[in-house]
Amino acid sequence: MKLPFPLPSRPSTALLAATVLELVVLTGHLAAYPFGITQERHARRPAPDHQRHAPGTGLHHLPGSPDAERPVVLLHGFIDNRSVFVLLRRALARHGRRHLASLNYSPLTRDLRTAAELLGRHVEEVCARTGQREVDIVGHSLGGLIARYYVQRLGGDHRVRTLVTLGTPHGGTAVAPGAGIHPIVRQMRGGSPLIEELRRPAPGCRTRFVSFWGELDQVMVPVETACVDHPDLDAVNVRVTGIGHLALPVHPAVATAVREALESQQTREGTAPSTGTSSVA
């Protein structure tokens with residue numbers, strides 16, 4: 001695999017260290033996995049009078065809110081569950097995020113669009129429960145692609161202020177050809193109808209995108225496929241050095257960068273879409 005950027009001076013050592021870390025993360029995640037199988041349960045609080053449905057509509061008139069009040073929805077990757085976000089969730093909670101919600105979607109789901117519709121219903125439930133107009137979303141791997149489809153193709157940009165993706169195949173990935181028996185894996189391939197659908201124009205999309213991509217991510221082939229590259233989207237691509245795919249949701253440096261991305265005060269209204277790059281060591 002030819003990489004589009006220079007590797008560190010000792011690439012074999014860096015790759016070996018990243019691989020060892022991936023194995024450590026995998027071992028820890030397998031231990032935590034059973035605790036994340038079931039869906040989260042939340043008590044639904046009634047909306048105050050000023051937040052009731054407007055006559056003739058299905059929408060709440062909800063007030064704006066500071067960053068700490070805006071809910072964060074966490075969406076896992078393929079054949080995974082909400083337990084992958086245990087450490088990231090703790091990091092966000094320590095810095096004042098009051099409303100954190102995770103969504104499990106079934107590994108038997110055969111169409112990414114179906115999962116995106118489920119996400120849309122979940123976001124509406126989170127907004128109704130918390131009394132907020134908008135949410136932020138953090139998606140790992142396939143979860144980021146599901147969230148992007150919801151934002152870009154199902155009108156979710158009116159609910160999602162910032163979408164952070166971690167190792168998401170925005171351009172399609174060529175990895176794991178043997179796993180192509182699963183329909184969703186085929187949808188994640190480069191050139192698939194779904195990937196091509198996401199290349200269509202998206203004028204006026206309101207959501208900010210922050211995409212973290214790892215230069216040693218062996219699941220994203222090629223690695224730059226985890227970058228958002230679309231002329232209509234306000235996107236920043238963040239290069240992460242020294243770690244692989246599984247470590248993205250658990251690494252402390254990434255957690256700090258995710259928190260900073262969610263706390264950014266950039267406004268979406270009246271600004272043109274922009275692209276940029278940065279890095280996390």
# chains A, B, ... in the order shown; residues from 1 in each chain; ligands from 1
call {"tool": "select_by_dssp", "arguments": {"residues": "region 42-227 of chain A", "states": "strand (DSSP E)", "output": "list of chain:residue names"}}
result
A:Val72, A:Val73, A:Leu74, A:Leu75, A:Leu100, A:Ala101, A:Ser102, A:Leu103, A:Val135, A:Asp136, A:Ile137, A:Val138, A:Gly139, A:His140, A:Val160, A:Arg161, A:Thr162, A:Leu163, A:Val164, A:Thr165, A:Leu166, A:Arg208, A:Phe209, A:Val210, A:Ser211, A:Phe212, A:Trp213, A:Gly214
call {"tool": "select_by_dssp", "arguments": {"residues": "region 27-244 of chain A", "states": "helix (DSSP H, G or I)", "output": "ChimeraX atom specification"}}
result
/A:27-36,49-51,82-94,112-130,142-153,156-158,177-181,183-187,193-198,223-226
call {"tool": "residues_around", "arguments": {"residues": "region 224-234 of chain A", "least_positions_apart": "3", "cutoff": "8 Å", "atoms": "only C-alpha atoms", "output": "list in words"}}
result
Pro4, Leu166, Gly167, Thr168, Pro169, His170, Gly171, Gly172, Thr173, Arg199, Pro201, Ala202, Pro203, Gly204, Cys205, Thr207, Arg208, Phe209, Ser211, Phe212, Trp213, Met220, Val221, Asn237, Ala272, Pro273, Ser274 and Thr275 of chain A
call {"tool": "residues_around", "arguments": {"residues": "Leu142 (chain A)", "least_positions_apart": "3", "cutoff": "8 Å", "atoms": "only C-alpha atoms", "output": "list in words"}}
result
His76, Gly77, Phe78, Gly139, Leu145, Ile146, Thr168, Pro169 and Met188 of chain A
call {"tool": "residues_around", "arguments": {"residues": "Glu40 (chain A)", "least_positions_apart": "3", "cutoff": "8 Å", "atoms": "only C-alpha atoms", "output": "number ranges by chain"}}
result
A: 101-103
call {"tool": "residues_around", "arguments": {"residues": "Gly96 (chain A)", "least_positions_apart": "3", "cutoff": "12 Å", "atoms": "only C-alpha atoms", "output": "ChimeraX atom specification"}}
result
/A:66-72,89-93,99-100,259,262-263
call {"tool": "write_last_selection", "arguments": {"atoms": "N, CA, C and O atoms", "output": "mmCIF file, in the first residue's frame"}}
result
data_model
loop_
_atom_site.group_PDB
_atom_site.id
_atom_site.type_symbol
_atom_site.label_atom_id
_atom_site.label_comp_id
_atom_site.auth_asym_id
_atom_site.auth_seq_id
_atom_site.Cartn_x
_atom_site.Cartn_y
_atom_site.Cartn_z
ATOM 1 N N PRO A 66 -25.862 26.135 25.613
ATOM 2 C CA PRO A 66 -24.402 26.129 25.606
ATOM 3 C C PRO A 66 -23.888 24.742 25.255
ATOM 4 O O PRO A 66 -24.620 23.764 25.278
ATOM 5 N N ASP A 67 -22.605 24.677 24.954
ATOM 6 C CA ASP A 67 -22.016 23.409 24.525
ATOM 7 C C ASP A 67 -22.258 22.292 25.532
ATOM 8 O O ASP A 67 -22.535 21.151 25.152
ATOM 9 N N ALA A 68 -22.127 22.591 26.837
ATOM 10 C CA ALA A 68 -22.247 21.545 27.851
ATOM 11 C C ALA A 68 -23.650 20.947 27.887
ATOM 12 O O ALA A 68 -23.833 19.820 28.329
ATOM 13 N N GLU A 69 -24.647 21.710 27.420
ATOM 14 C CA GLU A 69 -26.014 21.224 27.441
ATOM 15 C C GLU A 69 -26.363 20.441 26.176
ATOM 16 O O GLU A 69 -27.288 19.636 26.184
ATOM 17 N N ARG A 70 -25.674 20.705 25.083
ATOM 18 C CA ARG A 70 -26.012 20.037 23.828
ATOM 19 C C ARG A 70 -25.644 18.560 23.921
ATOM 20 O O ARG A 70 -24.497 18.210 24.208
ATOM 21 N N PRO A 71 -26.580 17.656 23.677
ATOM 22 C CA PRO A 71 -26.282 16.223 23.803
ATOM 23 C C PRO A 71 -25.241 15.761 22.796
ATOM 24 O O PRO A 71 -25.122 16.318 21.697
ATOM 25 N N VAL A 72 -24.508 14.739 23.179
ATOM 26 C CA VAL A 72 -23.577 14.062 22.281
ATOM 27 C C VAL A 72 -24.069 12.644 22.078
ATOM 28 O O VAL A 72 -24.260 11.896 23.051
ATOM 29 N N ARG A 89 -16.375 8.573 26.584
ATOM 30 C CA ARG A 89 -17.531 9.081 27.318
ATOM 31 C C ARG A 89 -17.106 9.676 28.667
ATOM 32 O O ARG A 89 -17.571 10.745 29.061
ATOM 33 N N ARG A 90 -16.220 8.974 29.360
ATOM 34 C CA ARG A 90 -15.731 9.485 30.642
ATOM 35 C C ARG A 90 -14.991 10.804 30.456
ATOM 36 O O ARG A 90 -15.137 11.737 31.260
ATOM 37 N N ALA A 91 -14.187 10.887 29.405
ATOM 38 C CA ALA A 91 -13.425 12.111 29.158
ATOM 39 C C ALA A 91 -14.356 13.293 28.893
ATOM 40 O O ALA A 91 -14.129 14.400 29.395
ATOM 41 N N LEU A 92 -15.402 13.070 28.117
ATOM 42 C CA LEU A 92 -16.347 14.147 27.831
ATOM 43 C C LEU A 92 -17.121 14.542 29.085
ATOM 44 O O LEU A 92 -17.361 15.726 29.335
ATOM 45 N N ALA A 93 -17.503 13.551 29.884
ATOM 46 C CA ALA A 93 -18.259 13.840 31.112
ATOM 47 C C ALA A 93 -17.409 14.630 32.098
ATOM 48 O O ALA A 93 -17.908 15.525 32.784
ATOM 49 N N HIS A 99 -25.135 15.543 28.796
ATOM 50 C CA HIS A 99 -26.031 14.630 28.092
ATOM 51 C C HIS A 99 -25.228 13.800 27.082
ATOM 52 O O HIS A 99 -24.831 14.299 26.029
ATOM 53 N N LEU A 100 -24.984 12.548 27.433
ATOM 54 C CA LEU A 100 -24.249 11.633 26.571
ATOM 55 C C LEU A 100 -25.125 10.423 26.307
ATOM 56 O O LEU A 100 -25.623 9.786 27.234
ATOM 57 N N ARG A 259 -13.002 16.500 22.074
ATOM 58 C CA ARG A 259 -13.664 17.452 22.970
ATOM 59 C C ARG A 259 -13.487 18.880 22.463
ATOM 60 O O ARG A 259 -14.436 19.681 22.463
ATOM 61 N N LEU A 262 -15.761 19.541 19.534
ATOM 62 C CA LEU A 262 -17.156 19.718 19.925
ATOM 63 C C LEU A 262 -17.384 21.064 20.611
ATOM 64 O O LEU A 262 -18.494 21.615 20.554
ATOM 65 N N GLU A 263 -16.358 21.586 21.247
ATOM 66 C CA GLU A 263 -16.488 22.851 21.960
ATOM 67 C C GLU A 263 -16.206 24.061 21.081
ATOM 68 O O GLU A 263 -16.358 25.204 21.529
#
call {"tool": "closest_residue", "arguments": {"among": "A:Val151, A:Phe85, A:Leu75, A:Asn104", "to": "Gln39 (chain A)", "atoms": "only C-alpha atoms"}}
result
A:Asn104
call {"tool": "residues_around", "arguments": {"residues": "region 10-24 of chain A", "least_positions_apart": "6", "cutoff": "10 Å", "atoms": "only C-alpha atoms", "output": "list in words"}}
result
Glu215, Leu216, Asp217, Gln218, Thr241, Gly242, Ile243, Gly244, His245, Leu246, Ala247 and Leu248 of chain A
